[in-house]
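Content type TSV, C-alpha atoms, from the file model-v5.tsv:
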chain	number	residue	atom	x	y	z
V	1	MET	CA	0.00	0.00	0.00
V	2	GLY	CA	2.98	2.31	0.44
V	3	VAL	CA	3.54	2.58	-3.33
V	4	GLY	CA	-0.15	3.24	-4.00
V	5	THR	CA	-0.30	5.95	-1.35
V	6	TRP	CA	2.80	7.68	-2.70
V	7	ILE	CA	1.45	7.73	-6.26
V	8	SER	CA	-1.91	9.03	-4.99
V	9	LEU	CA	-0.14	11.98	-3.36
V	10	LEU	CA	1.66	12.79	-6.61
V	11	ILE	CA	-1.63	12.64	-8.48
V	12	ALA	CA	-3.29	14.96	-5.97
V	13	PHE	CA	-0.59	17.61	-6.42
V	14	GLY	CA	-0.81	17.27	-10.20
V	15	CYS	CA	-4.54	18.02	-10.17
V	16	LEU	CA	-3.86	21.64	-9.24
V	17	PHE	CA	-2.87	22.47	-12.81
V	18	GLY	CA	-4.99	23.64	-15.75
V	19	ALA	CA	-6.58	21.87	-18.68
V	20	LEU	CA	-5.43	21.71	-22.26
V	21	ASN	CA	-7.51	22.85	-25.23
V	22	ALA	CA	-6.10	21.26	-28.38
V	23	SER	CA	-8.90	19.96	-30.61
V	24	ALA	CA	-10.41	21.08	-33.92
V	25	GLY	CA	-13.81	21.77	-32.37
V	26	ASP	CA	-12.71	24.15	-29.64
V	27	ALA	CA	-10.37	25.91	-32.10
V	28	ASP	CA	-13.37	26.80	-34.29
V	29	SER	CA	-14.04	30.56	-34.16
V	30	LEU	CA	-17.84	30.14	-34.33
V	31	TYR	CA	-17.77	27.78	-31.37
V	32	ARG	CA	-15.53	30.12	-29.36
V	33	ASN	CA	-17.72	33.12	-30.13
V	34	CYS	CA	-20.80	31.16	-29.10
V	35	VAL	CA	-19.24	30.19	-25.76
V	36	GLY	CA	-18.02	33.73	-25.10
V	37	GLN	CA	-21.40	35.27	-25.88
V	38	CYS	CA	-23.19	32.64	-23.81
V	39	GLU	CA	-21.03	33.28	-20.75
V	40	LYS	CA	-21.79	37.02	-20.99
V	41	THR	CA	-25.52	36.91	-21.72
V	42	GLY	CA	-26.60	33.40	-20.67
V	43	ASP	CA	-28.32	32.93	-24.04
V	44	ILE	CA	-27.70	30.67	-27.04
V	45	GLY	CA	-30.21	31.78	-29.63
V	46	ASP	CA	-33.64	31.35	-28.06
V	47	GLN	CA	-32.28	29.14	-25.26
V	48	SER	CA	-31.38	30.52	-21.82
V	49	ILE	CA	-28.68	28.87	-19.70
V	50	ARG	CA	-29.89	28.90	-16.11
V	51	HIS	CA	-26.42	28.75	-14.58
V	52	CYS	CA	-25.39	31.91	-16.41
V	53	GLN	CA	-28.23	33.92	-14.92
V	54	PHE	CA	-27.74	36.22	-11.93
V	55	GLN	CA	-29.14	35.43	-8.53
V	56	ASN	CA	-31.51	37.79	-6.72
V	57	SER	CA	-28.54	39.31	-4.94
V	58	ASP	CA	-26.98	40.17	-8.34
V	59	VAL	CA	-24.08	37.84	-7.58
V	60	PRO	CA	-23.05	35.79	-10.64
V	61	LEU	CA	-22.80	32.04	-10.13
V	62	ASP	CA	-19.22	31.94	-11.41
V	63	SER	CA	-17.96	34.21	-8.62
V	64	SER	CA	-16.05	33.13	-5.48
V	65	TRP	CA	-16.84	29.67	-4.11
V	66	TYR	CA	-18.56	30.97	-0.96
V	67	MET	CA	-21.00	33.01	-3.07
V	68	GLN	CA	-21.91	30.20	-5.46
V	69	GLU	CA	-24.51	27.41	-5.59
V	70	PRO	CA	-24.57	24.46	-3.15
V	71	LEU	CA	-21.46	22.30	-3.16
V	72	TYR	CA	-23.19	19.33	-4.76
V	73	LEU	CA	-23.95	21.46	-7.85
V	74	GLN	CA	-20.36	22.69	-7.95
V	75	TRP	CA	-19.14	19.08	-7.85
V	76	LYS	CA	-21.35	18.19	-10.80
V	77	GLN	CA	-19.90	21.23	-12.60
V	78	LEU	CA	-23.36	22.26	-13.77
V	79	ASN	CA	-22.18	25.82	-14.11
V	80	CYS	CA	-22.21	28.50	-16.75
V	81	ARG	CA	-19.04	27.53	-18.62
V	82	SER	CA	-19.70	23.78	-18.88
V	83	ASP	CA	-23.30	24.28	-19.99
V	84	CYS	CA	-22.29	26.94	-22.55
V	85	ARG	CA	-19.64	24.63	-23.96
V	86	TYR	CA	-22.09	21.75	-24.19
V	87	TYR	CA	-24.94	23.62	-25.89
V	88	CYS	CA	-22.61	25.52	-28.23
V	89	MET	CA	-20.99	22.21	-29.17
V	90	MET	CA	-24.39	20.67	-29.93
V	91	GLN	CA	-25.35	23.73	-31.96
V	92	ARG	CA	-22.16	23.59	-34.05
V	93	GLU	CA	-22.50	19.82	-34.59
V	94	ASN	CA	-26.08	20.26	-35.81
V	95	GLN	CA	-24.91	22.95	-38.23
V	96	GLN	CA	-22.04	20.79	-39.51
V	97	GLU	CA	-24.31	17.77	-39.87
V	98	LYS	CA	-26.66	19.77	-42.12
V	99	LEU	CA	-23.64	20.68	-44.26
V	100	GLY	CA	-22.66	17.01	-44.50
V	101	GLN	CA	-19.51	17.39	-42.39
V	102	HIS	CA	-18.22	14.78	-39.95
V	103	PRO	CA	-18.14	15.29	-36.14
V	104	VAL	CA	-14.97	16.78	-34.63
V	105	LYS	CA	-13.53	16.68	-31.12
V	106	TYR	CA	-13.99	19.45	-28.57
V	107	HIS	CA	-11.41	19.82	-25.77
V	108	GLY	CA	-10.00	16.40	-26.62
V	109	LYS	CA	-13.31	14.51	-26.71
V	110	TRP	CA	-16.03	13.59	-29.19
V	111	PRO	CA	-19.39	15.37	-28.92
V	112	PHE	CA	-21.53	13.18	-26.64
V	113	LYS	CA	-25.18	13.67	-25.75
V	114	ARG	CA	-25.65	14.19	-22.02
V	115	VAL	CA	-28.11	12.20	-19.93
V	116	PHE	CA	-28.90	14.08	-16.69
V	117	ILE	CA	-25.44	14.78	-15.17
V	118	PHE	CA	-23.70	12.07	-17.24
V	119	GLN	CA	-21.58	13.54	-20.04
V	120	GLU	CA	-20.72	10.07	-21.41
V	121	PRO	CA	-23.47	7.87	-19.94
V	122	LEU	CA	-22.49	4.57	-21.57
V	123	SER	CA	-18.79	4.82	-20.70
V	124	ALA	CA	-19.64	5.87	-17.13
V	125	VAL	CA	-21.95	2.89	-16.59
V	126	LEU	CA	-19.50	0.43	-18.13
V	127	SER	CA	-16.66	1.82	-15.99
V	128	ALA	CA	-18.82	1.20	-12.91
V	129	PHE	CA	-19.38	-2.40	-14.05
V	130	ASN	CA	-15.61	-2.86	-14.47
V	131	LEU	CA	-15.11	-1.52	-10.95
V	132	LEU	CA	-17.67	-4.04	-9.68
V	133	MET	CA	-15.98	-6.92	-11.52
V	134	HIS	CA	-12.59	-6.04	-10.04
V	135	PHE	CA	-14.11	-5.81	-6.57
V	136	ILE	CA	-15.77	-9.23	-6.93
V	137	GLY	CA	-12.56	-10.70	-8.33
V	138	TRP	CA	-10.40	-9.28	-5.55
V	139	LEU	CA	-12.92	-10.30	-2.85
V	140	THR	CA	-13.13	-13.90	-4.06
V	141	PHE	CA	-9.31	-13.99	-4.28
V	142	PHE	CA	-9.10	-12.74	-0.68
V	143	ILE	CA	-11.64	-15.36	0.51
V	144	LEU	CA	-9.73	-18.10	-1.34
V	145	LEU	CA	-6.45	-17.24	0.38
V	146	ARG	CA	-7.97	-16.55	3.77
V	147	TYR	CA	-10.41	-19.41	4.20
V	148	LYS	CA	-9.92	-22.11	1.55
V	149	LEU	CA	-6.22	-22.63	0.86
V	150	PRO	CA	-3.82	-24.09	3.47
V	151	VAL	CA	-1.43	-21.74	5.28
V	152	ARG	CA	2.09	-22.18	6.63
V	153	PRO	CA	1.93	-23.92	10.04
V	154	GLN	CA	4.32	-21.60	11.90
V	155	SER	CA	3.62	-18.14	10.48
V	156	ARG	CA	-0.03	-18.80	9.49
V	157	ARG	CA	0.71	-16.96	6.26
V	158	THR	CA	-0.34	-18.08	2.80
V	159	TYR	CA	1.95	-20.27	0.71
V	160	TYR	CA	1.31	-18.15	-2.36
V	161	GLU	CA	4.28	-15.78	-2.70
V	162	TYR	CA	2.45	-13.13	-4.76
V	163	SER	CA	-0.68	-12.67	-2.64
V	164	GLY	CA	0.31	-9.23	-1.31
V	165	LEU	CA	1.22	-7.99	-4.79
V	166	TRP	CA	-2.16	-9.05	-6.18
V	167	HIS	CA	-3.95	-7.30	-3.31
V	168	ILE	CA	-2.22	-4.04	-4.25
V	169	TYR	CA	-3.10	-4.67	-7.89
V	170	GLY	CA	-6.76	-5.06	-6.93
V	171	VAL	CA	-6.78	-1.78	-5.01
V	172	LEU	CA	-5.08	0.14	-7.84
V	173	SER	CA	-7.44	-1.37	-10.42
V	174	MET	CA	-10.55	-0.44	-8.43
V	175	ASN	CA	-9.15	3.06	-7.94
V	176	ALA	CA	-8.54	3.43	-11.71
V	177	TRP	CA	-12.05	2.33	-12.66
V	178	PHE	CA	-13.60	4.51	-9.96
V	179	TRP	CA	-11.98	7.62	-11.42
V	180	SER	CA	-12.84	6.44	-14.92
V	181	ALA	CA	-16.53	6.36	-13.95
V	182	ILE	CA	-16.26	9.83	-12.36
V	183	PHE	CA	-14.39	11.26	-15.34
V	184	HIS	CA	-16.97	10.00	-17.84
V	185	THR	CA	-19.72	11.36	-15.63
V	186	ARG	CA	-18.31	14.89	-15.31
V	187	ASP	CA	-15.25	15.82	-17.35
V	188	PHE	CA	-13.16	18.67	-15.98
V	189	ASP	CA	-9.50	19.15	-15.14
V	190	LEU	CA	-9.52	17.40	-11.76
V	191	THR	CA	-11.33	14.26	-12.93
V	192	GLU	CA	-9.34	14.06	-16.16
V	193	LYS	CA	-5.99	14.08	-14.40
V	194	LEU	CA	-7.13	11.55	-11.79
V	195	ASP	CA	-8.44	9.24	-14.50
V	196	TYR	CA	-5.33	9.38	-16.71
V	197	SER	CA	-2.88	9.18	-13.81
V	198	SER	CA	-4.70	6.26	-12.17
V	199	ALA	CA	-4.73	4.33	-15.46
V	200	VAL	CA	-0.99	4.88	-15.97
V	201	ALA	CA	-0.29	3.83	-12.37
V	202	VAL	CA	-2.16	0.52	-12.66
V	203	LEU	CA	-0.56	-0.22	-16.06
V	204	GLY	CA	2.93	0.41	-14.67
V	205	TYR	CA	2.27	-1.70	-11.59
V	206	SER	CA	0.83	-4.49	-13.77
V	207	LEU	CA	4.08	-4.51	-15.76
V	208	ILE	CA	6.10	-4.82	-12.54
V	209	LEU	CA	3.88	-7.65	-11.31
V	210	CYS	CA	4.15	-9.40	-14.67
V	211	LEU	CA	7.96	-9.33	-14.54
V	212	LEU	CA	8.04	-10.62	-10.97
V	213	ARG	CA	5.71	-13.54	-11.72
V	214	VAL	CA	7.17	-14.44	-15.13
V	215	PHE	CA	10.74	-14.51	-13.81
V	216	ASP	CA	9.61	-16.05	-10.50
V	217	VAL	CA	11.23	-13.35	-8.39
V	218	LYS	CA	10.65	-14.06	-4.68
V	219	ASP	CA	13.51	-12.28	-2.92
V	220	GLU	CA	12.56	-8.79	-1.69
V	221	ALA	CA	15.86	-7.19	-2.75
V	222	SER	CA	15.52	-8.61	-6.28
V	223	ARG	CA	11.92	-7.41	-6.46
V	224	VAL	CA	13.06	-3.88	-5.64
V	225	MET	CA	15.68	-4.04	-8.41
V	226	PHE	CA	13.03	-5.10	-10.93
V	227	ALA	CA	10.49	-2.53	-9.78
V	228	ALA	CA	12.69	0.55	-9.24
V	229	PRO	CA	13.35	1.59	-12.90
V	230	ILE	CA	9.72	1.02	-13.96
V	231	LEU	CA	8.40	2.85	-10.90
V	232	ALA	CA	10.75	5.77	-11.66
V	233	PHE	CA	9.58	5.91	-15.29
V	234	VAL	CA	5.88	5.71	-14.41
V	235	THR	CA	6.26	8.38	-11.72
V	236	THR	CA	8.10	10.67	-14.16
V	237	HIS	CA	5.39	10.13	-16.77
V	238	ILE	CA	2.61	10.98	-14.31
V	239	LEU	CA	4.47	14.13	-13.25
V	240	TYR	CA	4.93	15.06	-16.92
V	241	LEU	CA	1.21	14.74	-17.63
V	242	ASN	CA	0.20	16.71	-14.56
V	243	PHE	CA	2.88	19.36	-14.19
V	244	TYR	CA	4.09	19.96	-17.77
V	245	GLU	CA	1.65	18.93	-20.51
V	246	MET	CA	-1.35	16.62	-20.88
V	247	ASP	CA	0.01	15.08	-24.07
V	248	TYR	CA	-2.62	12.57	-25.18
V	249	GLY	CA	-0.56	11.16	-28.06
V	250	TRP	CA	2.54	10.54	-25.93
V	251	ASN	CA	0.43	9.03	-23.14
V	252	MET	CA	-1.18	6.62	-25.62
V	253	LYS	CA	2.25	5.46	-26.83
V	254	VAL	CA	3.48	4.90	-23.27
V	255	CYS	CA	0.36	2.95	-22.30
V	256	LEU	CA	0.52	0.83	-25.47
V	257	LEU	CA	4.19	0.03	-24.85
V	258	MET	CA	3.54	-1.09	-21.27
V	259	GLY	CA	0.38	-2.97	-22.23
V	260	VAL	CA	1.74	-4.84	-25.26
V	261	SER	CA	5.02	-5.80	-23.53
V	262	GLN	CA	3.26	-7.48	-20.61
V	263	LEU	CA	0.74	-9.22	-22.87
V	264	LEU	CA	3.60	-10.74	-24.86
V	265	MET	CA	5.42	-11.83	-21.70
V	266	TRP	CA	2.30	-13.44	-20.20
V	267	ALA	CA	1.54	-15.30	-23.46
V	268	ILE	CA	5.09	-16.65	-23.88
V	269	TRP	CA	5.40	-17.55	-20.19
V	270	GLY	CA	2.12	-19.49	-20.23
V	271	GLY	CA	3.36	-21.61	-23.14
V	272	VAL	CA	6.92	-22.17	-21.84
V	273	THR	CA	5.84	-23.17	-18.32
V	274	ARG	CA	2.75	-25.08	-19.53
V	275	HIS	CA	0.76	-23.48	-16.75
V	276	PRO	CA	-2.45	-25.48	-16.05
V	277	SER	CA	-4.56	-22.34	-16.66
V	278	ARG	CA	-2.60	-21.15	-19.68
V	279	PHE	CA	-5.71	-21.29	-21.90
V	280	LYS	CA	-7.45	-18.74	-19.66
V	281	LEU	CA	-4.31	-16.62	-19.82
V	282	TRP	CA	-4.16	-16.84	-23.61
V	283	ALA	CA	-7.86	-15.97	-23.86
V	284	VAL	CA	-7.21	-12.81	-21.81
V	285	VAL	CA	-4.17	-11.91	-23.92
V	286	PHE	CA	-6.10	-12.42	-27.17
V	287	GLY	CA	-9.11	-10.47	-25.86
V	288	CYS	CA	-6.97	-7.58	-24.63
V	289	SER	CA	-5.16	-7.43	-27.97
V	290	LEU	CA	-8.48	-7.08	-29.80
V	291	ALA	CA	-9.67	-4.51	-27.24
V	292	MET	CA	-6.54	-2.41	-27.84
V	293	LEU	CA	-7.57	-2.01	-31.48
V	294	LEU	CA	-10.67	-0.15	-30.28
V	295	GLU	CA	-8.44	2.35	-28.48
V	296	ILE	CA	-6.28	2.77	-31.59
V	297	TYR	CA	-9.16	2.92	-34.07
V	298	ASP	CA	-11.05	5.89	-32.64
V	299	PHE	CA	-14.41	6.78	-34.18
V	300	PRO	CA	-17.21	9.25	-33.33
V	301	PRO	CA	-20.03	8.16	-31.00
V	302	PHE	CA	-22.92	6.33	-32.66
V	303	HIS	CA	-26.04	8.49	-32.22
V	304	GLY	CA	-24.02	10.53	-29.71
V	305	TYR	CA	-23.61	7.73	-27.15
V	306	ALA	CA	-21.40	4.73	-28.11
V	307	ASP	CA	-17.87	5.34	-29.39
V	308	ALA	CA	-14.78	3.10	-29.61
V	309	HIS	CA	-13.78	3.90	-26.04
V	310	ALA	CA	-17.19	2.83	-24.70
V	311	LEU	CA	-16.94	-0.47	-26.60
V	312	TRP	CA	-13.47	-0.98	-25.10
V	313	HIS	CA	-15.00	-0.59	-21.63
V	314	ALA	CA	-17.59	-3.23	-22.56
V	315	THR	CA	-14.98	-5.78	-23.68
V	316	THR	CA	-12.95	-5.45	-20.48
V	317	ILE	CA	-15.86	-6.63	-18.27
V	318	PRO	CA	-15.70	-10.35	-19.23
V	319	LEU	CA	-11.91	-10.14	-19.55
V	320	THR	CA	-11.68	-8.90	-15.95
V	321	TYR	CA	-13.69	-11.90	-14.74
V	322	LEU	CA	-11.44	-14.28	-16.68
V	323	TRP	CA	-8.27	-12.54	-15.46
V	324	TRP	CA	-9.16	-12.85	-11.78
V	325	SER	CA	-10.11	-16.48	-12.44
V	326	PHE	CA	-6.57	-17.07	-13.74
V	327	ILE	CA	-5.07	-15.32	-10.70
V	328	LYS	CA	-7.03	-17.59	-8.36
V	329	ASP	CA	-5.99	-20.66	-10.37
V	330	ASP	CA	-2.37	-19.54	-10.13
V	331	ALA	CA	-2.70	-19.23	-6.34
V	332	LYS	CA	-4.14	-22.76	-6.12
V	333	PHE	CA	-1.43	-24.14	-8.42
V	334	ARG	CA	1.48	-22.57	-6.53
V	335	THR	CA	0.03	-23.47	-3.11
V	336	SER	CA	-0.48	-27.10	-4.14
V	337	ALA	CA	3.11	-27.35	-5.46
V	338	LEU	CA	4.61	-25.83	-2.30
V	339	VAL	CA	2.51	-28.00	0.04
V	340	LYS	CA	3.74	-31.12	-1.79
V	341	LYS	CA	7.34	-29.96	-1.32
V	342	VAL	CA	6.83	-29.47	2.40
V	343	LYS	CA	5.34	-32.95	2.78

So, in terms of structure tokens, how does the structure I just supplied come out?
Amino acid sequence: MGVGTWISLLIAFGCLFGALNASAGDADSLYRNCVGQCEKTGDIGDQSIRHCQFQNSDVPLDSSWYMQEPLYLQWKQLNCRSDCRYYCMMQRENQQEKLGQHPVKYHGKWPFKRVFIFQEPLSAVLSAFNLLMHFIGWLTFFILLRYKLPVRPQSRRTYYEYSGLWHIYGVLSMNAWFWSAIFHTRDFDLTEKLDYSSAVAVLGYSLILCLLRVFDVKDEASRVMFAAPILAFVTTHILYLNFYEMDYGWNMKVCLLMGVSQLLMWAIWGGVTRHPSRFKLWAVVFGCSLAMLLEIYDFPPFHGYADAHALWHATTIPLTYLWWSFIKDDAKFRTSALVKKVK
């Protein structure tokens, strides 16, 4: 938990920095003029934006925090700027659709249709399901080790040498999917940085865990030697995204490199060792490889709701179940082998 706590602190400091506008949609002069006019008048054509109206005390809702709306509305970011951006975006997309033009991104994202407070309803719901699957997987893994598998007679600790590492993996994974659900619900600077940083952290830790298991590293000193350079790189990358520039292209390359490398190692290791659950492992590797194509082949949301990223979230739900099933099988396999040695 020490590593997870340290990374969380770095993420928290990084969230103090501003957002990046670097998409074709938000660079459009008509869109910018619409947002600027909306923030001043509270009107977009015949439509009035409630959060841009003045209160009875003539205090605008985008003033100091102690003069604004209740905190729960601030958290949802249902304020003047976010609503102006949304309705101006929808207006521009309708205009472009009539001209036969394709959708473009605004502030790094495709134009999605909101449902209540949910900016990307499908991705938010699917992220929540992934969080649930990781929780169920981790909980059943914990119950297996705690109550079903034999323990060492003297120390009363589990025989499985990687149990603590998988517990940390479970916590980091649940944290990543939690912030993914929040980010797809309300997208602003804080939630974006928490989502991206949490995803990078769990990918980096997964790579470390893959190396330790594949090379059967049990000694603590050797584990530190394996983990240190990767931990340093991942930490530097998170600091780069938060303190210097939210570079989406560079982040995608880093995540693909870490993801593909561990998928290849898991696949080769399963075949070389002839692990009893290697077919589950290969199914996860094959499924994740196909899912990565959805992240690479990005396309606009279908009817404003389902894009490639949402479909990627959908594919990871069954893969998460299968992955935790392999982890539990690995714990049973290693425990059985070590118990036989003791006897």

* Write out as number ranges by chain each polymer residue whose atoms come within 8 Å of Ser127 of chain V, counting only C-alpha atoms; drop sequence neighbours fewer than 3 positions from it. => V: 123-124, 130-131, 177-178, 180-181, 313

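Counting from atom CA of Asp298 of chain V, the distance to atom CA of Ala310 of chain V is 10.5 Å.
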
* Residue with smallest distance to Asp247 of chain V - pool V:Lys193, V:Arg278, V:Arg223, V:Arg156, counting all atoms listed in the file ->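 Nearest candidate to Asp247 of chain V out of V:Lys193, V:Arg278, V:Arg223, V:Arg156: V:Lys193.
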
* To do: Would you mind reading off the distance between atom CA of Ala314 of chain V and atom CA of His134 of chain V, one decimal, in Å?
  =>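 Atom-to-atom, atom CA of Ala314 of chain V to atom CA of His134 of chain V, that is 13.8 Å.
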
* Point-to-point distance in Å for atom CA of Leu172 of chain V and atom CA of Phe333 of chain V ->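 One can read the atom CA of Phe333 of chain V to atom CA of Leu172 of chain V distance as 24.6 Å.
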
* **Among the residues V:Cys255, V:Ile268, V:Leu122, V:Ile238, the one that comes closest to Phe215 of chain V [using only C-alpha atoms]** =>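 Closest to Phe215 of chain V of all the choices is V:Ile268.
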
* **Contact residues around Lys105 of chain V with only C-alpha atoms at 8 Å, ignoring same-chain residues under 5 positions, as a ChimeraX atom specification** => /V:23-26,110-111

* Near-Asp195 of chain V list (7 Å; only C-alpha atoms; drop same-chain fewer than 5 positions) as a ChimeraX atom specification -> /V:176,179-180,183
